Amino acid sequence: MSETTPASGPAEDATEPFRAESAFKYTAALAADIESRWQDVWEKEGTFNAPNPVGALADPAAGDVAAKPHSFIMDMFPYPSGSGLHVGHPLGYIATDVFARYQRMTGHNVLHTLGYDAFGLPAEQHAVATGEHPRVSTEAAMANMRRQLRRLGLGHDSRRSIATIDPDYYRWTQWIFLQIFNSWYDGEAGRARPIAELVAQFEAGSRPAPDGRPWAELTGAEREDVLGEYRLAYSKEVPVNWCPGLGTVLANEEVTADGRSERGNFPVFKSNLRQWMMRITTYSDRLIADLDLLDWPEAIKQQQRNWIGRSEGARVEFAVDGQGAGGRAITVFTTRPDTLFGATYMVLAPEHALVDAIVPAAWPAGTHDDWTGGAATPAEAVAAYRATAAAKSDVERQVDAKVKTGVFTGAYATNPVSGEPVPVFIADYVLMGYGTGAIMAVPAHDHRDFAFARAFDLPMRCVVRPTDGRDQDPHTWDDAFDTYDSVIVNSAHSTDDVATEDRISLDGLSVVEAKQAVTAWLAGRGIGEGTVNYRLRDWLFSRQRYWGEPFPIVYDEDGVMHALPDSMLPVEVPEVEDYSPHTYDPYDSTSSPKTPLSRNEDWVNVELDLGDGVKKYRRETNTMPNWAGSCWYELRYIDPANGEKVVDPANERYWLGATAEKPAGGADLYVGGAEHAVLHLLYARFWHKVLHDLGHVSSVEPFHKLFNQGMITADVYRDERGFPVPAAEVEDDGHGGYTWNGEAVKREAGKMGKSLKNAVAPDEIADQYGADTLRLYEMSMGPLDVSRPWDDRAVVGSYRFLQRLWRNIASESTGELVVTDEPADEATLRALHKAIDGIRGDMAGLRFNTAVAKAIELNNFLVKRGSTPREVAEQIVLLVAPLAPHIAEELWRKLGHAESLAYADYPVADPAYVVDESVTCVVQIKGKVKARLEVSPEITDADLETLALADPAVVAAVGDAAVRKVIVRAPKLVNIVTG
RNA sequence: GCGGCCGUGGCGGAAUCGGCAGACGCCCUGGCUUUAGGUGCCAGUGGGCCUUGUGCCCGUGAGGGUUCGAAUCCCUCCGGCCGCACCA
């Protein structure tokens, strides 16, 4: 407000005292006063502190906590954005708060808090741009977010609000990393075990070292190499996604389908680099199987199954002839071993290691011109093809996917069943990263192979009988025939050229039978076996960034890796002069990463005593990815101050342990966006399972019930050039169009956010109406799991409801109670108990939109009634308390209660009043409503039928038609079927 | 291309088990209160028709089916959203 307010303003106010809004009316000003007072009370009294069974957060006054029903409610870990929240962000937080408050009022010990996933790229980029330390900007952003969220009245246990950037927190992130590093997956036991147990096996000789030498004869480096093949966290040179534009490598999950970084949209290249990996693939089967134990949306489970991509099939070896091959075999993975007789050529991925070994010096006689790519020798052809394939971006590959390219290697392999020579190609439609990077091509029964065979004029052989009317000559086909629902043909050895005991015939077998038969035949000859393949890759776990957890790993002067002991944790993020990653031209695929931490030589070079005296070491300079801190935070919420253990077992068992309702254990409710379907949720499950295997947690899964909340969208207005204009300044032109500064603009739906200039801040709405109104509005907009558009104008509906609620209980002119002491009449009790019954069910089922509607109905009933009996007032206040806690606390206090209602008993419906005294029965004739009867809810079918048939309106409607049948569903419906 | 989810008034949505379609809210219209605006309160508010009332007909993306009865179940199509995408 400026100081040059026109004189008329205050003068008017002064001369017209009637205009002044009553201090007792529920206005934004009064709401603000009530809300800040109650927020202070809750904070001062620690209202939402949840006692633990044991440890620093145990409360002797709380009694036997372990015997109390618990409810662990979580929101997905937020990144503290520097630009503040918009009204879409707190949707899930409000919902979990409403549910948590409801649970508290139904006798649960509720753990609900919110911490911060505070390592991250934006703070680092901000640091690069401004020189401000990421910790400074991150903590400022966290403080601002805490302030914004506090205003909403969220009942969080602030003692448990951890942040991943706190050394006390990431000390345990590093500790868990070491647990994973120091374990291996015992496939026979089906679980992770300490690496020391593996070492013991090697030492005892019960498990031979790979090269057969006794373990004691191996050098330290050699032993470390062997163990590196087993450790669940390992460092290895692997083909990775290198993103020069970001200056870091990325996990597969962070790369989009068109080969760009999910953050920043920079091109991503394949590059061989030494990186940290997590052996998540060893948990593939368990990650799939245990989904069945979880209460998650089916869509999310399906996404995880698809991501892991389990497929059953067989490995088959194809012997390669020709020079240089030296008795080598190419191993392929196929899901269709039943079509082996139809394999007429093979394809290797261009980067397959065996390619160079099998390439002959010259083209075999009679090589098809189209196969050579115009090169003089196979080696030249291969080199040229590799070069063009490597130069192609993934986008180009995508576009070119329909046109198959490739080149002949000059080598032939032998089909192990038919004995026929098959040419070996390289082509980029075979990916190195999947299966064995090599396929047997069955063009008659695979669409991709068919297209390739057509392009290169390769033979085809039909081995699955077509069921769609086509003949068995693939040359006449338009595409491959790939059904499973048929029988095998043309798949038998001729009796002449194979010895009897080696013969196999698949003819006449179903696809499923043939798979088994051929797999057994191959296994019997040692040239194949049934196997399971996964799409899931090991998880790339290192990043070349500053603002992340350092690895608790050092290298000695021989380059041998050493894990730091627990006593040296945490390894703190060092100070550096320059935070920026070495980024490159986004298209410079030949660049390679340099870590920001390597710049601080004082930090990198250390002298440590790791048990054999003080020696010089170099620290690992990669940092962990953003996911690390969020992979286990649910554990630290439980025991945030525990300095001895990551979490005390008694506390873990209480909050996360398995029960009849949650067989794998886990948090009772986890609410967040569907965008974390595979990344965070898969990684967190993996870590949790490792910790379970190693005995640190009793639960098998971190999150029992998952709920995906929808997004709040908002209208976007664009000018003629297509640029968004500030949505708040757009005006309706009255003819269905919109203008901004007089210029016509177009409306469309969009996400809410700064860039689209349509963000609405929760502070704005709280200023205008109060936080309770904002909470109520967000909860009433629609079902929690559906996206819905924000509508500024509609907020007033929730505000009016609270005003009417207030007015039903307290006078707007004096602030005094206006409730009456009369007992509630029967109609009022019925309205009340029906509301209680409905709202309880809605609360438990997270259907807050209909819960609000029912509360409004009850309140409207009281408005019409003209007065509010005290007993009803108390109940309605408790009913709305989870939704609008500040106004509820204030009214509760006015009603004479000295204690907060946070732990008051939620109203329970009296069944006697839930049923109406009389219900409206609908009488239909042929399904159309013709009459309504007021009947007792206890009426029998027979009585109701008699009553219905006697009703004058029914008699008139039936007329002289014959009644054929009468369906009675007492007490609500009678349907008369006439002839 | 494959897989999944979803289509209900002017708008957001409700109908929990196959049984009164449109709860609740917004918008809009009329009335009362008010000097006025705003707030508040009351009434109306899916479409159509007329005989204006306890009235009739139509109506849940389109078409078909099952059923005494379908927004709800089944089939085909149309439209939208999401995920995966040469995964052998």
# chains A, B, ... in the order shown; residues from 1 in each chain; ligands from 1
>>> interface_residues(of="chain B", to="chain A", cutoff="6 Å", atoms="only C-alpha atoms (C1' of nucleotides)", output="mmCIF file with all heavy atoms, in the first residue's frame")
data_model
loop_
_atom_site.group_PDB
_atom_site.id
_atom_site.type_symbol
_atom_site.label_atom_id
_atom_site.label_comp_id
_atom_site.auth_asym_id
_atom_site.auth_seq_id
_atom_site.Cartn_x
_atom_site.Cartn_y
_atom_site.Cartn_z
ATOM 1 P P G B 13 -13.057 -33.202 -13.400
ATOM 2 O OP1 G B 13 -11.714 -33.762 -13.542
ATOM 3 O OP2 G B 13 -14.105 -33.488 -14.407
ATOM 4 O "O5'" G B 13 -13.589 -33.570 -11.956
ATOM 5 C "C5'" G B 13 -14.455 -34.683 -11.746
ATOM 6 C "C4'" G B 13 -15.317 -34.362 -10.558
ATOM 7 O "O4'" G B 13 -16.122 -33.191 -10.865
ATOM 8 C "C3'" G B 13 -16.302 -35.457 -10.166
ATOM 9 O "O3'" G B 13 -15.717 -36.269 -9.155
ATOM 10 C "C2'" G B 13 -17.503 -34.686 -9.661
ATOM 11 O "O2'" G B 13 -17.324 -34.265 -8.334
ATOM 12 C "C1'" G B 13 -17.471 -33.448 -10.572
ATOM 13 N N9 G B 13 -18.181 -33.621 -11.841
ATOM 14 C C8 G B 13 -17.643 -33.575 -13.102
ATOM 15 N N7 G B 13 -18.524 -33.740 -14.049
ATOM 16 C C5 G B 13 -19.716 -33.907 -13.371
ATOM 17 C C6 G B 13 -21.032 -34.123 -13.864
ATOM 18 O O6 G B 13 -21.402 -34.205 -15.032
ATOM 19 N N1 G B 13 -21.954 -34.235 -12.834
ATOM 20 C C2 G B 13 -21.657 -34.158 -11.497
ATOM 21 N N2 G B 13 -22.678 -34.286 -10.660
ATOM 22 N N3 G B 13 -20.436 -33.951 -11.020
ATOM 23 C C4 G B 13 -19.529 -33.835 -12.006
ATOM 24 P P C B 24 -27.161 -31.000 -3.367
ATOM 25 O OP1 C B 24 -27.895 -30.653 -2.137
ATOM 26 O OP2 C B 24 -27.566 -30.445 -4.671
ATOM 27 O "O5'" C B 24 -25.615 -30.658 -3.169
ATOM 28 C "C5'" C B 24 -24.966 -30.941 -1.937
ATOM 29 C "C4'" C B 24 -23.486 -30.648 -2.058
ATOM 30 O "O4'" C B 24 -22.865 -31.616 -2.949
ATOM 31 C "C3'" C B 24 -23.151 -29.315 -2.720
ATOM 32 O "O3'" C B 24 -23.272 -28.228 -1.825
ATOM 33 C "C2'" C B 24 -21.715 -29.563 -3.164
ATOM 34 O "O2'" C B 24 -20.828 -29.554 -2.073
ATOM 35 C "C1'" C B 24 -21.830 -30.988 -3.696
ATOM 36 N N1 C B 24 -22.201 -30.992 -5.121
ATOM 37 C C2 C B 24 -21.188 -30.819 -6.090
ATOM 38 O O2 C B 24 -20.015 -30.674 -5.699
ATOM 39 N N3 C B 24 -21.510 -30.805 -7.398
ATOM 40 C C4 C B 24 -22.792 -30.960 -7.765
ATOM 41 N N4 C B 24 -23.057 -30.942 -9.080
ATOM 42 C C5 C B 24 -23.844 -31.126 -6.821
ATOM 43 C C6 C B 24 -23.508 -31.144 -5.516
ATOM 44 P P G B 25 -23.753 -26.815 -2.372
ATOM 45 O OP1 G B 25 -23.910 -25.941 -1.199
ATOM 46 O OP2 G B 25 -24.867 -26.975 -3.327
ATOM 47 O "O5'" G B 25 -22.488 -26.335 -3.217
ATOM 48 C "C5'" G B 25 -21.269 -26.035 -2.547
ATOM 49 C "C4'" G B 25 -20.173 -25.840 -3.552
ATOM 50 O "O4'" G B 25 -20.017 -27.038 -4.357
ATOM 51 C "C3'" G B 25 -20.392 -24.764 -4.600
ATOM 52 O "O3'" G B 25 -20.207 -23.459 -4.088
ATOM 53 C "C2'" G B 25 -19.347 -25.154 -5.628
ATOM 54 O "O2'" G B 25 -18.042 -24.850 -5.170
ATOM 55 C "C1'" G B 25 -19.519 -26.684 -5.634
ATOM 56 N N9 G B 25 -20.490 -27.067 -6.674
ATOM 57 C C8 G B 25 -21.798 -27.459 -6.534
ATOM 58 N N7 G B 25 -22.380 -27.692 -7.680
ATOM 59 C C5 G B 25 -21.410 -27.438 -8.630
ATOM 60 C C6 G B 25 -21.443 -27.512 -10.046
ATOM 61 O O6 G B 25 -22.383 -27.836 -10.786
ATOM 62 N N1 G B 25 -20.228 -27.151 -10.605
ATOM 63 C C2 G B 25 -19.109 -26.772 -9.908
ATOM 64 N N2 G B 25 -18.028 -26.465 -10.631
ATOM 65 N N3 G B 25 -19.052 -26.704 -8.589
ATOM 66 C C4 G B 25 -20.226 -27.045 -8.017
ATOM 67 P P C B 26 -20.964 -22.232 -4.765
ATOM 68 O OP1 C B 26 -20.708 -21.046 -3.926
ATOM 69 O OP2 C B 26 -22.352 -22.630 -5.079
ATOM 70 O "O5'" C B 26 -20.181 -22.069 -6.151
ATOM 71 C "C5'" C B 26 -18.823 -21.674 -6.160
ATOM 72 C "C4'" C B 26 -18.297 -21.684 -7.571
ATOM 73 O "O4'" C B 26 -18.491 -22.998 -8.150
ATOM 74 C "C3'" C B 26 -19.021 -20.765 -8.538
ATOM 75 O "O3'" C B 26 -18.610 -19.410 -8.395
ATOM 76 C "C2'" C B 26 -18.611 -21.372 -9.869
ATOM 77 O "O2'" C B 26 -17.276 -21.035 -10.191
ATOM 78 C "C1'" C B 26 -18.686 -22.865 -9.555
ATOM 79 N N1 C B 26 -20.008 -23.424 -9.917
ATOM 80 C C2 C B 26 -20.275 -23.642 -11.277
ATOM 81 O O2 C B 26 -19.399 -23.368 -12.110
ATOM 82 N N3 C B 26 -21.472 -24.146 -11.645
ATOM 83 C C4 C B 26 -22.389 -24.429 -10.717
ATOM 84 N N4 C B 26 -23.557 -24.922 -11.139
ATOM 85 C C5 C B 26 -22.147 -24.213 -9.334
ATOM 86 C C6 C B 26 -20.957 -23.714 -8.977
ATOM 87 P P C B 68 -34.772 -60.784 -18.519
ATOM 88 O OP1 C B 68 -35.368 -61.807 -17.642
ATOM 89 O OP2 C B 68 -34.751 -60.949 -19.996
ATOM 90 O "O5'" C B 68 -35.466 -59.388 -18.201
ATOM 91 C "C5'" C B 68 -36.768 -59.119 -18.702
ATOM 92 C "C4'" C B 68 -37.281 -57.875 -18.034
ATOM 93 O "O4'" C B 68 -37.503 -58.128 -16.626
ATOM 94 C "C3'" C B 68 -36.318 -56.696 -18.030
ATOM 95 O "O3'" C B 68 -36.371 -55.983 -19.248
ATOM 96 C "C2'" C B 68 -36.815 -55.872 -16.860
ATOM 97 O "O2'" C B 68 -37.970 -55.143 -17.187
ATOM 98 C "C1'" C B 68 -37.199 -56.970 -15.863
ATOM 99 N N1 C B 68 -36.114 -57.291 -14.923
ATOM 100 C C2 C B 68 -35.816 -56.377 -13.884
ATOM 101 O O2 C B 68 -36.456 -55.327 -13.816
ATOM 102 N N3 C B 68 -34.847 -56.669 -13.013
ATOM 103 C C4 C B 68 -34.173 -57.814 -13.124
ATOM 104 N N4 C B 68 -33.221 -58.064 -12.232
ATOM 105 C C5 C B 68 -34.437 -58.747 -14.155
ATOM 106 C C6 C B 68 -35.411 -58.460 -15.023
ATOM 107 P P G B 69 -35.036 -55.485 -19.911
ATOM 108 O OP1 G B 69 -35.377 -54.744 -21.145
ATOM 109 O OP2 G B 69 -34.116 -56.636 -19.971
ATOM 110 O "O5'" G B 69 -34.503 -54.428 -18.853
ATOM 111 C "C5'" G B 69 -35.183 -53.181 -18.696
ATOM 112 C "C4'" G B 69 -34.612 -52.418 -17.536
ATOM 113 O "O4'" G B 69 -34.731 -53.205 -16.332
ATOM 114 C "C3'" G B 69 -33.129 -52.104 -17.629
ATOM 115 O "O3'" G B 69 -32.897 -50.966 -18.425
ATOM 116 C "C2'" G B 69 -32.766 -51.871 -16.162
ATOM 117 O "O2'" G B 69 -33.181 -50.587 -15.747
ATOM 118 C "C1'" G B 69 -33.644 -52.911 -15.464
ATOM 119 N N9 G B 69 -32.916 -54.142 -15.175
ATOM 120 C C8 G B 69 -33.018 -55.340 -15.840
ATOM 121 N N7 G B 69 -32.253 -56.275 -15.340
ATOM 122 C C5 G B 69 -31.606 -55.641 -14.283
ATOM 123 C C6 G B 69 -30.645 -56.144 -13.361
ATOM 124 O O6 G B 69 -30.163 -57.295 -13.298
ATOM 125 N N1 G B 69 -30.243 -55.183 -12.449
ATOM 126 C C2 G B 69 -30.709 -53.903 -12.429
ATOM 127 N N2 G B 69 -30.208 -53.109 -11.479
ATOM 128 N N3 G B 69 -31.609 -53.407 -13.275
ATOM 129 C C4 G B 69 -32.003 -54.330 -14.166
ATOM 130 P P C B 86 13.223 -49.232 -29.827
ATOM 131 O OP1 C B 86 14.607 -49.046 -29.460
ATOM 132 O OP2 C B 86 12.455 -48.157 -30.500
ATOM 133 O "O5'" C B 86 13.093 -50.558 -30.692
ATOM 134 C "C5'" C B 86 11.844 -51.096 -31.010
ATOM 135 C "C4'" C B 86 12.046 -52.275 -31.928
ATOM 136 O "O4'" C B 86 12.570 -51.779 -33.187
ATOM 137 C "C3'" C B 86 13.033 -53.306 -31.389
ATOM 138 O "O3'" C B 86 12.550 -54.616 -31.673
ATOM 139 C "C2'" C B 86 14.301 -53.038 -32.191
ATOM 140 O "O2'" C B 86 15.052 -54.207 -32.411
ATOM 141 C "C1'" C B 86 13.740 -52.526 -33.512
ATOM 142 N N1 C B 86 14.640 -51.624 -34.215
ATOM 143 C C2 C B 86 14.720 -51.756 -35.595
ATOM 144 O O2 C B 86 14.018 -52.605 -36.147
ATOM 145 N N3 C B 86 15.552 -50.950 -36.281
ATOM 146 C C4 C B 86 16.279 -50.045 -35.627
ATOM 147 N N4 C B 86 17.081 -49.278 -36.337
ATOM 148 C C5 C B 86 16.218 -49.893 -34.217
ATOM 149 C C6 C B 86 15.392 -50.701 -33.559
ATOM 150 P P A B 88 11.476 -59.590 -26.297
ATOM 151 O OP1 A B 88 10.028 -59.404 -26.299
ATOM 152 O OP2 A B 88 12.153 -60.272 -25.210
ATOM 153 O "O5'" A B 88 11.835 -60.276 -27.689
ATOM 154 C "C5'" A B 88 12.567 -61.429 -27.684
ATOM 155 C "C4'" A B 88 13.068 -61.738 -29.058
ATOM 156 O "O4'" A B 88 13.695 -60.576 -29.640
ATOM 157 C "C3'" A B 88 14.162 -62.809 -29.068
ATOM 158 O "O3'" A B 88 13.624 -64.115 -29.076
ATOM 159 C "C2'" A B 88 14.929 -62.484 -30.332
ATOM 160 O "O2'" A B 88 14.289 -63.030 -31.452
ATOM 161 C "C1'" A B 88 14.843 -60.968 -30.380
ATOM 162 N N9 A B 88 16.038 -60.336 -29.795
ATOM 163 C C8 A B 88 16.831 -60.735 -28.765
ATOM 164 N N7 A B 88 17.829 -59.943 -28.497
ATOM 165 C C5 A B 88 17.677 -58.931 -29.412
ATOM 166 C C6 A B 88 18.420 -57.773 -29.661
ATOM 167 N N6 A B 88 19.498 -57.428 -28.978
ATOM 168 N N1 A B 88 18.004 -56.955 -30.639
ATOM 169 C C2 A B 88 16.925 -57.302 -31.330
ATOM 170 N N3 A B 88 16.138 -58.369 -31.206
ATOM 171 C C4 A B 88 16.573 -59.150 -30.214
#
>>> residues_around(residues="Ala664 (chain A)", least_positions_apart="4", cutoff="8 Å", atoms="only C-alpha atoms (C1' of nucleotides)", output="count of residues only")
10
>>> select_by_dssp(residues="region 374-495 of chain A", states="strand (DSSP E or B)", output="list in words")
Val407, Phe408, Thr409, Gly410, Ala411, Tyr412, Ala413, Thr414, Pro421, Val422, Pro423, Val424, Phe425, Ile426, Ala438, Ile439, Met440, Ala441, Val464, Val487, Ile488 and Ala492 of chain A
>>> write_last_selection(atoms="C-alpha atoms", output="PDB file, in the first residue's frame")
ATOM      1  CA  VAL A 407      26.139 -55.476 -43.761  1.00  0.00           C
ATOM      2  CA  PHE A 408      27.403 -59.029 -44.251  1.00  0.00           C
ATOM      3  CA  THR A 409      30.413 -59.965 -42.102  1.00  0.00           C
ATOM      4  CA  GLY A 410      31.611 -62.491 -44.643  1.00  0.00           C
ATOM      5  CA  ALA A 411      31.241 -65.269 -42.080  1.00  0.00           C
ATOM      6  CA  TYR A 412      28.810 -68.177 -42.014  1.00  0.00           C
ATOM      7  CA  ALA A 413      27.538 -69.981 -38.955  1.00  0.00           C
ATOM      8  CA  THR A 414      25.733 -73.296 -38.797  1.00  0.00           C
ATOM      9  CA  PRO A 421      25.045 -72.599 -43.253  1.00  0.00           C
ATOM     10  CA  VAL A 422      23.582 -69.237 -42.323  1.00  0.00           C
ATOM     11  CA  PRO A 423      25.200 -65.892 -43.184  1.00  0.00           C
ATOM     12  CA  VAL A 424      26.136 -63.624 -40.281  1.00  0.00           C
ATOM     13  CA  PHE A 425      25.289 -59.929 -40.574  1.00  0.00           C
ATOM     14  CA  ILE A 426      25.751 -56.920 -38.404  1.00  0.00           C
ATOM     15  CA  ALA A 438      23.143 -61.438 -31.191  1.00  0.00           C
ATOM     16  CA  ILE A 439      20.065 -63.025 -32.706  1.00  0.00           C
ATOM     17  CA  MET A 440      19.073 -65.910 -34.856  1.00  0.00           C
ATOM     18  CA  ALA A 441      16.854 -64.406 -37.514  1.00  0.00           C
ATOM     19  CA  VAL A 464       4.771 -72.352 -38.008  1.00  0.00           C
ATOM     20  CA  VAL A 487       1.639 -75.912 -34.762  1.00  0.00           C
ATOM     21  CA  ILE A 488       5.168 -76.386 -36.049  1.00  0.00           C
ATOM     22  CA  ALA A 492      12.466 -82.258 -38.930  1.00  0.00           C
TER      23      ALA A 492
END
>>> residues_around(residues="region 31-48 of chain B", least_positions_apart="4", cutoff="8 Å", atoms="only C-alpha atoms (C1' of nucleotides)", output="JSON, numbers by chain")
{"B": [9, 22, 57, 58, 59]}
>>> select_by_dssp(residues="region 207-387 of chain A", states="helix (DSSP H, G or I)", output="PyMOL selection string")
chain A and resi 215-217+220-228+252-254+280-293+298-308+337-342+355-358+369-371+378-387
